[in-house]
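> What follows is the file protein-v5.txt, containing compact mmCIF, C-alpha atoms:
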# COMPACT_ATOMS: atom_id res chain seq x y z
CA MET A 1 1.34 -19.00 -35.47
CA VAL A 2 3.27 -19.13 -32.23
CA SER A 3 2.18 -21.44 -29.43
CA GLU A 4 1.38 -20.41 -25.86
CA ARG A 5 4.32 -22.57 -24.76
CA GLU A 6 6.71 -20.49 -26.86
CA VAL A 7 5.32 -17.28 -25.36
CA TRP A 8 5.87 -18.65 -21.83
CA ASP A 9 9.48 -19.44 -22.83
CA TRP A 10 9.99 -15.90 -24.12
CA LEU A 11 8.49 -14.41 -20.96
CA GLY A 12 10.78 -16.66 -18.93
CA GLN A 13 13.74 -14.86 -20.48
CA ILE A 14 12.65 -11.36 -19.41
CA PRO A 15 14.50 -10.31 -16.25
CA ASP A 16 12.73 -8.57 -13.37
CA PRO A 17 13.87 -4.92 -13.61
CA GLU A 18 14.79 -4.68 -9.90
CA ILE A 19 16.15 -8.19 -9.30
CA PRO A 20 17.49 -9.21 -12.72
CA VAL A 21 18.49 -12.68 -11.55
CA LEU A 22 14.76 -13.54 -11.53
CA SER A 23 12.68 -13.81 -14.67
CA LEU A 24 9.11 -12.52 -14.71
CA VAL A 25 7.94 -16.15 -14.77
CA ASP A 26 10.12 -16.98 -11.71
CA LEU A 27 8.63 -13.99 -9.91
CA GLY A 28 5.13 -15.32 -10.54
CA VAL A 29 3.60 -12.18 -12.03
CA ILE A 30 2.50 -13.78 -15.31
CA ARG A 31 -0.96 -15.15 -14.67
CA GLU A 32 -2.12 -16.14 -18.11
CA VAL A 33 -1.09 -16.46 -21.73
CA ARG A 34 -3.83 -17.07 -24.29
CA PHE A 35 -4.99 -16.10 -27.73
CA ASP A 36 -8.17 -14.12 -28.23
CA GLY A 37 -8.63 -14.66 -31.96
CA ASP A 38 -5.30 -13.55 -33.37
CA THR A 39 -4.52 -11.23 -30.42
CA LEU A 40 -2.11 -12.49 -27.80
CA VAL A 41 -3.40 -11.74 -24.29
CA VAL A 42 -1.00 -11.74 -21.35
CA GLY A 43 -2.48 -11.42 -17.84
CA VAL A 44 -0.04 -9.69 -15.47
CA THR A 45 -0.44 -9.13 -11.74
CA PRO A 46 1.41 -6.41 -9.82
CA THR A 47 3.61 -7.36 -6.86
CA TYR A 48 3.42 -4.45 -4.37
CA SER A 49 0.66 -1.95 -5.25
CA GLY A 50 3.04 0.95 -5.64
CA CYS A 51 6.05 -0.89 -7.02
CA PRO A 52 7.61 1.37 -9.68
CA ALA A 53 8.84 -1.76 -11.49
CA THR A 54 5.26 -2.58 -12.53
CA ALA A 55 5.29 -0.02 -15.36
CA VAL A 56 8.74 -1.16 -16.49
CA ILE A 57 7.61 -4.80 -16.44
CA LYS A 58 4.74 -3.90 -18.75
CA GLN A 59 7.06 -2.12 -21.17
CA ASP A 60 9.58 -4.96 -21.07
CA ILE A 61 6.89 -7.54 -21.90
CA GLU A 62 5.64 -5.46 -24.81
CA ALA A 63 9.14 -4.86 -26.16
CA ALA A 64 10.18 -8.52 -25.85
CA LEU A 65 7.05 -9.91 -27.47
CA ARG A 66 7.16 -7.38 -30.30
CA ALA A 67 10.81 -8.31 -30.87
CA HIS A 68 9.61 -11.91 -31.27
CA GLY A 69 7.25 -10.75 -33.99
CA VAL A 70 4.01 -10.48 -31.99
CA ASP A 71 2.15 -7.47 -33.33
CA LYS A 72 -1.33 -7.99 -31.88
CA LEU A 73 -0.89 -7.89 -28.14
CA ARG A 74 -3.04 -6.96 -25.16
CA LEU A 75 -1.82 -6.85 -21.56
CA GLU A 76 -4.50 -7.31 -18.91
CA ARG A 77 -4.09 -6.40 -15.25
CA ARG A 78 -5.08 -9.13 -12.80
CA LEU A 79 -5.56 -8.16 -9.16
CA SER A 80 -7.20 -11.33 -7.99
CA PRO A 81 -5.99 -13.57 -6.49
CA PRO A 82 -3.40 -11.09 -5.17
CA TRP A 83 0.25 -11.79 -5.80
CA THR A 84 2.04 -13.22 -2.79
CA THR A 85 5.53 -14.60 -2.40
CA GLU A 86 3.93 -18.06 -2.69
CA TRP A 87 3.76 -17.37 -6.42
CA MET A 88 7.55 -17.35 -6.69
CA SER A 89 8.93 -20.53 -8.27
CA GLU A 90 11.34 -22.91 -6.51
CA ASP A 91 13.83 -22.11 -9.22
CA GLY A 92 13.36 -18.42 -8.43
CA ARG A 93 14.03 -19.01 -4.73
CA ARG A 94 17.25 -20.86 -5.53
CA LYS A 95 18.39 -18.09 -7.91
CA LEU A 96 17.66 -15.45 -5.26
CA ARG A 97 19.75 -17.30 -2.66
CA GLU A 98 22.65 -17.64 -5.09
CA TYR A 99 22.36 -13.93 -5.84
CA GLY A 100 22.76 -13.13 -2.12
CA VAL A 101 19.12 -12.33 -1.34
CA ALA A 102 17.40 -14.50 1.28
CA PRO A 103 14.20 -15.90 -0.29
CA PRO A 104 10.82 -15.29 1.38
CA SER A 105 10.18 -17.64 4.32
CA GLY A 106 7.59 -16.39 6.77
CA ARG A 107 8.24 -13.52 9.15
CA ALA A 108 12.05 -13.64 8.94
CA PRO A 109 14.73 -15.13 6.69
CA ALA A 110 15.58 -18.75 7.44
CA ALA A 111 19.32 -18.45 6.92
CA CYS A 112 22.10 -16.13 5.79
CA PRO A 113 22.32 -16.51 1.99
CA ARG A 114 26.15 -16.42 2.21
CA CYS A 115 27.15 -18.66 5.13
CA GLY A 116 23.86 -20.39 5.99
CA SER A 117 23.87 -19.27 9.63
CA SER A 118 20.52 -18.75 11.32
CA LYS A 119 21.89 -16.14 13.76
CA LEU A 120 20.45 -13.05 12.10
CA ARG A 121 19.50 -9.52 13.12
CA ARG A 122 16.98 -7.28 11.41
CA VAL A 123 18.47 -3.90 10.52
CA SER A 124 15.47 -2.37 8.79
CA GLN A 125 11.99 -3.58 7.95
CA PHE A 126 12.34 -1.89 4.57
CA GLY A 127 15.22 -2.14 2.15
CA SER A 128 16.30 -1.03 -1.28
CA THR A 129 12.96 -1.88 -2.91
CA PRO A 130 9.41 -2.22 -1.50
CA CYS A 131 9.73 -6.02 -1.50
CA LYS A 132 12.87 -6.26 0.62
CA ALA A 133 13.99 -5.88 4.23
CA ASN A 134 17.53 -5.49 5.49
CA TYR A 135 19.27 -8.04 7.73
CA VAL A 136 22.79 -8.69 8.95
CA CYS A 137 24.31 -12.10 9.66
CA GLN A 138 25.77 -12.34 13.18
CA GLU A 139 28.26 -15.05 12.13
CA CYS A 140 29.82 -13.87 8.88
CA LEU A 141 28.78 -10.25 9.64
CA GLU A 142 27.60 -9.68 6.07
CA PRO A 143 24.54 -7.51 5.54
CA PHE A 144 21.97 -8.93 3.14
CA ASP A 145 18.56 -8.30 1.63
CA TYR A 146 15.58 -10.43 2.59
CA PHE A 147 12.73 -10.79 0.10
CA LYS A 148 9.77 -10.11 2.38
CA CYS A 149 6.89 -12.50 2.61
CA ILE A 150 3.48 -11.11 1.78
CA MET N 151 -33.48 2.59 -4.24
CA THR N 152 -32.34 3.27 -7.78
CA SER N 153 -29.20 1.68 -9.13
CA ASN N 154 -27.93 5.21 -9.76
CA SER N 155 -27.63 6.02 -6.09
CA VAL N 156 -25.97 2.65 -5.39
CA SER N 157 -23.39 3.49 -7.99
CA SER N 158 -22.92 6.99 -6.58
CA ASP N 159 -22.48 5.55 -3.07
CA ARG N 160 -19.82 3.17 -4.33
CA PHE N 161 -18.11 6.02 -6.19
CA ASN N 162 -18.01 8.08 -3.01
CA TYR N 163 -16.74 5.17 -0.95
CA ALA N 164 -13.95 4.34 -3.41
CA LEU N 165 -13.07 8.03 -3.37
CA ARG N 166 -12.80 8.00 0.44
CA LEU N 167 -10.48 5.01 0.42
CA GLY N 168 -8.40 6.45 -2.41
CA ASP N 169 -8.20 9.92 -0.88
CA ASN N 170 -7.13 8.53 2.50
CA ALA N 171 -4.29 6.62 0.85
CA LEU N 172 -3.29 9.49 -1.43
CA ILE N 173 -3.24 12.23 1.20
CA LEU N 174 -1.41 10.14 3.80
CA SER N 175 1.06 9.05 1.14
CA HIS N 176 1.78 12.68 0.32
CA ARG N 177 2.24 13.55 4.00
CA LEU N 178 4.76 10.70 4.37
CA SER N 179 6.60 11.75 1.23
CA GLU N 180 7.21 15.14 2.89
CA TRP N 181 9.68 13.30 5.14
CA CYS N 182 11.73 12.09 2.17
CA GLY N 183 15.31 13.20 2.83
CA HIS N 184 14.38 14.50 6.30
CA GLY N 185 13.94 11.26 8.26
CA PRO N 186 15.73 11.00 11.63
CA ALA N 187 17.70 7.97 10.35
CA LEU N 188 18.29 6.49 6.93
CA GLU N 189 16.21 3.39 7.75
CA GLU N 190 13.30 5.56 8.86
CA ASP N 191 13.50 7.63 5.70
CA ILE N 192 13.38 4.47 3.59
CA ALA N 193 10.59 2.95 5.65
CA LEU N 194 8.32 5.99 5.46
CA THR N 195 8.81 6.43 1.74
CA ASN N 196 8.17 2.72 1.17
CA VAL N 197 4.92 2.97 3.09
CA ALA N 198 4.11 6.07 1.02
CA LEU N 199 4.76 4.05 -2.13
CA ASP N 200 2.39 1.26 -1.07
CA LEU N 201 -0.26 3.86 -0.30
CA ILE N 202 0.10 5.66 -3.60
CA GLY N 203 -0.27 2.33 -5.41
CA GLN N 204 -3.43 1.64 -3.43
CA ALA N 205 -4.68 5.16 -4.17
CA GLN N 206 -4.25 4.46 -7.89
CA PHE N 207 -6.41 1.33 -7.60
CA TRP N 208 -9.17 3.01 -5.58
CA LEU N 209 -9.27 6.22 -7.59
CA GLY N 210 -9.16 4.22 -10.82
CA LEU N 211 -12.19 2.27 -9.58
CA ALA N 212 -13.92 5.52 -8.50
CA GLY N 213 -13.40 6.95 -11.99
CA GLU N 214 -14.91 3.83 -13.57
CA LEU N 215 -17.90 3.85 -11.21
CA GLU N 216 -18.53 7.52 -11.91
CA GLY N 217 -18.46 6.84 -15.64
CA ALA N 218 -17.58 10.42 -16.55
CA GLY N 219 -14.20 9.60 -18.05
CA ARG N 220 -12.12 10.84 -15.12
CA SER N 221 -8.88 8.89 -14.56
CA ALA N 222 -7.14 8.29 -11.22
CA ASP N 223 -4.80 11.17 -12.10
CA ASP N 224 -7.70 13.49 -12.91
CA LEU N 225 -9.24 12.74 -9.53
CA ALA N 226 -5.95 13.21 -7.69
CA TYR N 227 -4.81 16.39 -9.39
CA LYS N 228 -7.87 18.19 -10.68
CA ARG N 229 -10.10 18.42 -7.63
CA ASP N 230 -10.08 21.20 -5.05
CA ALA N 231 -10.04 20.65 -1.31
CA GLY N 232 -13.83 20.68 -0.97
CA ALA N 233 -14.16 17.66 -3.27
CA PHE N 234 -11.70 15.49 -1.31
CA ARG N 235 -13.28 12.78 0.83
CA ASN N 236 -10.35 11.75 3.04
CA ALA N 237 -10.61 11.45 6.80
CA LEU N 238 -9.35 14.52 8.68
CA LEU N 239 -6.73 12.40 10.47
CA VAL N 240 -4.59 11.84 7.37
CA GLU N 241 -4.38 15.51 6.36
CA ARG N 242 -3.06 16.64 9.77
CA PRO N 243 0.44 18.09 9.39
CA ASN N 244 3.41 15.87 10.17
CA GLY N 245 4.56 17.66 13.34
CA ASP N 246 7.56 15.95 14.93
CA TYR N 247 8.50 12.37 14.14
CA GLY N 248 6.50 11.03 17.08
CA HIS N 249 3.43 12.86 15.82
CA THR N 250 3.89 11.36 12.34
CA LEU N 251 4.26 7.85 13.77
CA MET N 252 1.24 8.23 16.04
CA ARG N 253 -0.92 9.43 13.14
CA GLN N 254 0.35 6.49 11.11
CA TYR N 255 -0.43 3.96 13.81
CA LEU N 256 -3.93 5.29 14.50
CA PHE N 257 -4.63 5.12 10.77
CA ASP N 258 -2.93 1.75 10.12
CA ALA N 259 -4.87 0.10 12.94
CA TRP N 260 -8.12 1.30 11.33
CA HIS N 261 -6.92 0.58 7.78
CA VAL N 262 -6.17 -3.05 8.57
CA GLU N 263 -9.72 -3.48 9.94
CA VAL N 264 -11.53 -1.78 7.09
CA LEU N 265 -9.57 -3.72 4.47
CA ALA N 266 -10.21 -7.03 6.24
CA ALA N 267 -13.94 -6.27 6.17
CA LEU N 268 -13.83 -5.16 2.52
CA THR N 269 -12.07 -8.38 1.51
CA ALA N 270 -15.47 -10.01 2.13
CA SER N 271 -17.36 -7.28 0.23
CA SER N 272 -20.29 -8.36 -1.94
CA ASP N 273 -18.73 -6.18 -4.66
CA PRO N 274 -15.80 -8.13 -6.14
CA ARG N 275 -14.04 -4.97 -7.35
CA PHE N 276 -13.81 -3.68 -3.77
CA ALA N 277 -12.88 -7.12 -2.48
CA GLU N 278 -9.97 -7.63 -4.89
CA ILE N 279 -8.33 -4.27 -4.21
CA ALA N 280 -8.82 -4.73 -0.46
CA ALA N 281 -7.25 -8.20 -0.55
CA LYS N 282 -4.23 -6.80 -2.35
CA ALA N 283 -3.83 -3.80 -0.02
CA ALA N 284 -4.46 -5.77 3.19
CA ARG N 285 -1.18 -7.68 2.88
CA GLU N 286 0.81 -4.48 2.58
CA VAL N 287 -1.02 -2.75 5.40
CA ALA N 288 -0.35 -5.71 7.71
CA TYR N 289 3.32 -4.68 7.43
CA HIS N 290 2.55 -1.02 8.03
CA VAL N 291 0.65 -1.62 11.26
CA GLU N 292 3.26 -4.02 12.57
CA ARG N 293 5.95 -1.39 12.12
CA SER N 294 4.02 1.65 13.35
CA GLY N 295 2.68 -0.30 16.36
CA GLU N 296 6.17 -1.46 17.36
CA LEU N 297 7.52 2.08 17.12
CA VAL N 298 4.66 3.64 19.08
CA ALA N 299 5.22 1.05 21.83
CA ALA N 300 9.00 1.57 21.82
CA LEU N 301 8.87 5.37 21.85
CA GLY N 302 6.03 5.56 24.37
CA ASP N 303 8.05 3.29 26.64
CA GLY N 304 11.36 5.03 25.80
CA THR N 305 12.89 8.12 27.40
CA PRO N 306 10.85 10.74 29.32
CA GLN N 307 11.27 12.98 26.25
CA SER N 308 10.01 10.38 23.75
CA HIS N 309 7.17 9.40 26.09
CA ALA N 310 6.03 13.00 26.47
CA ARG N 311 6.06 13.53 22.71
CA MET N 312 4.08 10.37 22.01
CA GLN N 313 1.51 11.26 24.68
CA SER N 314 1.09 14.75 23.30
CA ALA N 315 0.67 13.34 19.78
CA LEU N 316 -1.98 10.93 21.03
CA ASP N 317 -3.81 13.75 22.82
CA ALA N 318 -3.74 15.93 19.70
CA LEU N 319 -4.81 13.24 17.23
CA TRP N 320 -7.35 11.28 19.28
CA ALA N 321 -10.44 13.21 18.20
CA TYR N 322 -9.35 13.01 14.55
CA ALA N 323 -8.94 9.23 14.82
CA GLY N 324 -12.45 9.08 16.30
CA GLY N 325 -13.78 10.56 13.06
CA LEU N 326 -12.88 7.32 11.26
CA PHE N 327 -15.73 5.59 13.06
CA VAL N 328 -18.47 8.16 12.50
CA GLY N 329 -20.57 6.93 9.58
CA ASP N 330 -23.09 8.70 7.39
CA GLU N 331 -25.97 7.58 5.17
CA ILE N 332 -23.54 6.38 2.46
CA ASP N 333 -21.83 4.00 4.91
CA ALA N 334 -25.21 2.84 6.18
CA ARG N 335 -26.56 2.04 2.70
CA LEU N 336 -23.38 0.24 1.65
CA ALA N 337 -23.33 -1.74 4.90
CA GLU N 338 -26.93 -2.82 4.30
CA GLN N 339 -25.88 -4.34 0.97
CA GLY N 340 -22.76 -5.98 2.33
CA ILE N 341 -20.52 -3.80 0.16
CA ALA N 342 -18.67 -2.04 2.99
CA PRO N 343 -18.61 -2.32 6.78
CA ALA N 344 -20.61 0.11 8.92
CA ALA N 345 -18.11 2.74 10.13
CA GLY N 346 -18.84 2.18 13.82
CA SER N 347 -18.55 -1.61 13.56
CA LEU N 348 -14.77 -1.35 13.31
CA ARG N 349 -14.36 0.44 16.63
CA PRO N 350 -14.35 -2.46 19.13
CA GLU N 351 -11.49 -4.31 17.43
CA TRP N 352 -9.59 -1.05 16.89
CA ASP N 353 -10.03 -0.17 20.58
CA ARG N 354 -8.76 -3.60 21.57
CA ALA N 355 -5.70 -3.54 19.28
CA THR N 356 -4.67 0.05 19.99
CA GLY N 357 -5.42 -0.40 23.70
CA ALA N 358 -2.90 -3.25 23.87
CA VAL N 359 -0.21 -1.13 22.19
CA PHE N 360 -0.94 1.91 24.36
CA ALA N 361 -0.72 -0.26 27.50
CA GLN N 362 2.66 -1.56 26.34
CA ALA N 363 3.73 2.00 25.55
CA GLY N 364 2.49 3.41 28.87
CA LEU N 365 0.32 5.89 26.96
CA LYS N 366 -3.14 7.00 28.03
CA PRO N 367 -5.75 7.81 25.37
CA PRO N 368 -7.92 10.81 26.26
CA ALA N 369 -11.19 9.92 27.97
CA SER N 370 -13.19 12.19 25.63
CA ALA N 371 -15.34 10.50 23.02
CA PHE N 372 -15.53 13.71 20.97
CA ALA N 373 -14.70 13.06 17.29
CA HIS N 374 -13.89 15.52 14.50
CA LYS N 375 -15.81 14.67 11.36
CA GLY N 376 -16.67 16.38 8.11
CA GLY N 377 -15.28 19.18 5.98
CA HIS N 378 -11.56 19.71 5.96
CA THR N 379 -9.01 21.48 8.06
CA GLU N 380 -6.96 24.36 6.69
CA ALA N 381 -4.07 21.91 6.29
CA LEU N 382 -5.54 20.19 3.22
CA GLY N 383 -5.46 23.27 0.97
CA HIS N 384 -1.76 23.80 1.68
CA LEU N 385 -1.03 20.14 1.00
CA LEU N 386 -2.90 20.22 -2.32
CA ALA N 387 -1.17 23.44 -3.38
CA GLU N 388 2.09 21.54 -3.28
CA MET N 389 0.85 18.15 -4.50
CA GLN N 390 -1.10 19.53 -7.44
CA PHE N 391 1.31 22.27 -8.47
CA LEU N 392 2.95 20.53 -11.40
CA PRO N 393 -0.09 19.15 -13.23
CA ARG N 394 -1.91 22.44 -12.71
CA ALA N 395 0.97 24.65 -13.85
CA TYR N 396 1.83 22.37 -16.77
CA PRO N 397 -1.42 20.64 -17.75
CA ASP N 398 -0.92 17.20 -19.28
CA ALA N 399 2.85 17.38 -18.76
CA GLN N 400 4.59 14.19 -19.85
CA TRP N 401 8.04 12.78 -19.21
Let me see the structure of the file written as structure tokens.

Amino acid sequence: MVSEREVWDWLGQIPDPEIPVLSLVDLGVIREVRFDGDTLVVGVTPTYSGCPATAVIKQDIEAALRAHGVDKLRLERRLSPPWTTEWMSEDGRRKLREYGVAPPSGRAPAACPRCGSSKLRRVSQFGSTPCKANYVCQECLEPFDYFKCI
Amino acid sequence: MTSNSVSSDRFNYALRLGDNALILSHRLSEWCGHGPALEEDIALTNVALDLIGQAQFWLGLAGELEGAGRSADDLAYKRDAGAFRNALLVERPNGDYGHTLMRQYLFDAWHVEVLAALTASSDPRFAEIAAKAAREVAYHVERSGELVAALGDGTPQSHARMQSALDALWAYAGGLFVGDEIDARLAEQGIAPAAGSLRPEWDRATGAVFAQAGLKPPASAFAHKGGHTEALGHLLAEMQFLPRAYPDAQW
């Protein structure tokens, strides 16, 4: 019998389909891991309501857990409390920054993820995925993604 | 009152919220690849994506409340125009970009209010979806409000287009605040806000943006409510084509 701790470790190795530098655990979408009898139950919360990655995340969890030998599995959707960027781990924020994406920090990014400057200009309120906005650094002139705060 | 009619009221109300999100999402998706700038194209389709996600939640809830085995997809793709419960505002054709943005702002400003009220609903299913959607819609209204203000206060051409959009859409926006007996019963039970109760805050918020934009809302209090305009049938013909032509298509 596997332990809940092991399952959390496995889930921590599944990359987010859109931002693969983050694991699903870093992203904060795994709400619960428990056993209901001999069935493993994983509670998952969506990020943005319409995010196309939600369906892929579900498939990835199923595939990964089955590959670890889990055959009785139930995924449950959790809407409440709603996912916010507060659910992202500190480790996740650091990984994002290193990846070149400014982590969520209120209404605007705190600093350019490349040079650290705070002289920034918003290019577009929406970016390459529903969770990101587009900024440009006025010092190093590099454009970058900002993980929006919700 | 029987519990049956409570459940039917909640079904109808979830349908209204879901249909508003679905129909407006489809309208926005019509701009995909046609936006006036790449950023605008991306922004509108992202808003459309949020709305379609919200529509899935509301229509999924409506299907459960109805208890007849209809899924969110069944409700979206297998109803005819007469069975849709969306506000007339969201089915109005896109028109020019200013018209699309004005429609969006009038809706977003209402949407943010109704979701805030529903977050405190006595029905936890409504409250949890509303709490989720409210965070996304806060972004929508910030963007559409900024653009309405900027374009209203822009060139004579952009100002004229925004004013004409406001004139054309005003009576449709008014329909959002005209309630019926379903709203009244749900309000009595603390499930949903009374339609008219959202008007003062909406007037205040939109009034501030219109003042900044130099736009003047029409003085008329006339509001369009009920039925559908011809526009909805054309929209559904396109939106529902695939699942109707190829029932149960999978990919």
> Near chain N, meaning an atom within 6 Å, which residues of chain A appear when counting only C-alpha atoms? Write them as a list in words.
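Interface list for chain A against chain N: Ser49, Gly50, Ser80, Pro82, Ser124, Phe126, Pro130 and Ile150 of chain A.
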> Please determine the residues with any atom at most 9 Å from (28.8, -15.1, 8.8) (coordinates as given in the file, with only C-alpha atoms counting) and report them as a ChimeraX atom specification.
/A:112,114-117,119,136-142
> Calculate how many Å separate CA of Glu380 in chain N from CA of Met312 in chain N, rounding to one decimal.
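Separation of CA of Glu380 in chain N and CA of Met312 in chain N: 23.5 Å.
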> Please identify all polymer residues within 9 Å of Leu40 in chain A, counting only C-alpha atoms, omitting same-chain residues fewer than 2 positions from it, and present them as a ChimeraX atom specification.
/A:4,33-38,42,70-75
> One decimal, Å: what's the distance from CA of His184 in chain N over to CA of Ala102 in chain A, could you say?
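Taking CA of His184 in chain N and CA of Ala102 in chain A, their separation equals 29.6 Å.
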> Please list as a ChimeraX atom specification every residue within 10 Å of Gln339 in chain N, counting all atoms listed in the file and excluding residues in the same chain fewer than 3 positions away.
/N:156,271-273,334-336,342-343
> Which polymer residues have any atom within 6 Å of an atom of His374 in chain N, counting all atoms listed in the file, with same-chain residues fewer than 6 positions away left out, as a PDB file with C-alpha atoms, in the coordinates of the input?

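As written to disk, around-v6.pdb reads:
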ATOM      1  CA  ALA N 321     -10.440  13.210  18.200  1.00  0.00           C
ATOM      2  CA  TYR N 322      -9.350  13.010  14.550  1.00  0.00           C
ATOM      3  CA  GLY N 325     -13.780  10.560  13.060  1.00  0.00           C
TER       4      GLY N 325
END
> For range 53-56 of chain A, find every residue with an atom within 7 Å (counting all atoms listed in the file), except residues of its own chain fewer than 3 positions away, and show them as a list in words.
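Answer for this query is Pro17, Glu18, Pro46, Gln59 and Asp60 of chain A.
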> CA of Ala266 in chain N and CA of Leu238 in chain N are how many Å apart?
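Between these atoms lies a distance of 21.7 Å.
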> Give me the residues within 8 Å of Gly43 in chain A as a ChimeraX atom specification, counting all atoms listed in the file and dropping any in the same chain fewer than 3 places off.
/A:30-33,75-78
> Nearest residue to Tyr48 in chain A out of A:Arg94, A:Pro15, A:Thr84, A:Asp26, using all atoms listed in the file?
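Smallest separation from Tyr48 in chain A among the options: A:Thr84.
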> When distances are computed from only C-alpha atoms, which of A:Pro103, A:Arg97, A:Arg121, A:Ala110 shows the smallest separation from Tyr146 in chain A?
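The closest residue to Tyr146 in chain A is A:Pro103.
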> Quick one: range 241-252 of chain N with N, CA and C atoms, as a CSV table (one decimal), keeping the file's coordinate frame?

chain,number,residue,atom,x,y,z
N,241,GLU,N,-4.9,14.2,6.9
N,241,GLU,CA,-4.4,15.5,6.4
N,241,GLU,C,-3.7,16.3,7.4
N,242,ARG,N,-3.7,15.9,8.7
N,242,ARG,CA,-3.1,16.6,9.8
N,242,ARG,C,-1.6,16.7,9.5
N,243,PRO,N,-1.0,17.9,9.7
N,243,PRO,CA,0.4,18.1,9.4
N,243,PRO,C,1.3,17.1,10.2
N,244,ASN,N,2.5,16.9,9.6
N,244,ASN,CA,3.4,15.9,10.2
N,244,ASN,C,3.8,16.1,11.6
N,245,GLY,N,4.0,17.4,12.0
N,245,GLY,CA,4.6,17.7,13.3
N,245,GLY,C,5.9,17.0,13.5
N,246,ASP,N,6.3,16.6,14.7
N,246,ASP,CA,7.6,16.0,14.9
N,246,ASP,C,7.4,14.5,14.5
N,247,TYR,N,8.5,13.7,14.6
N,247,TYR,CA,8.5,12.4,14.1
N,247,TYR,C,7.5,11.5,14.9
N,248,GLY,N,7.4,11.8,16.2
N,248,GLY,CA,6.5,11.0,17.1
N,248,GLY,C,5.1,11.3,16.6
N,249,HIS,N,4.8,12.5,16.3
N,249,HIS,CA,3.4,12.9,15.8
N,249,HIS,C,3.1,12.1,14.5
N,250,THR,N,4.1,12.1,13.6
N,250,THR,CA,3.9,11.4,12.3
N,250,THR,C,3.6,9.9,12.6
N,251,LEU,N,4.4,9.3,13.5
N,251,LEU,CA,4.3,7.8,13.8
N,251,LEU,C,2.9,7.5,14.5
N,252,MET,N,2.5,8.4,15.4
N,252,MET,CA,1.2,8.2,16.0
N,252,MET,C,0.1,8.3,15.0
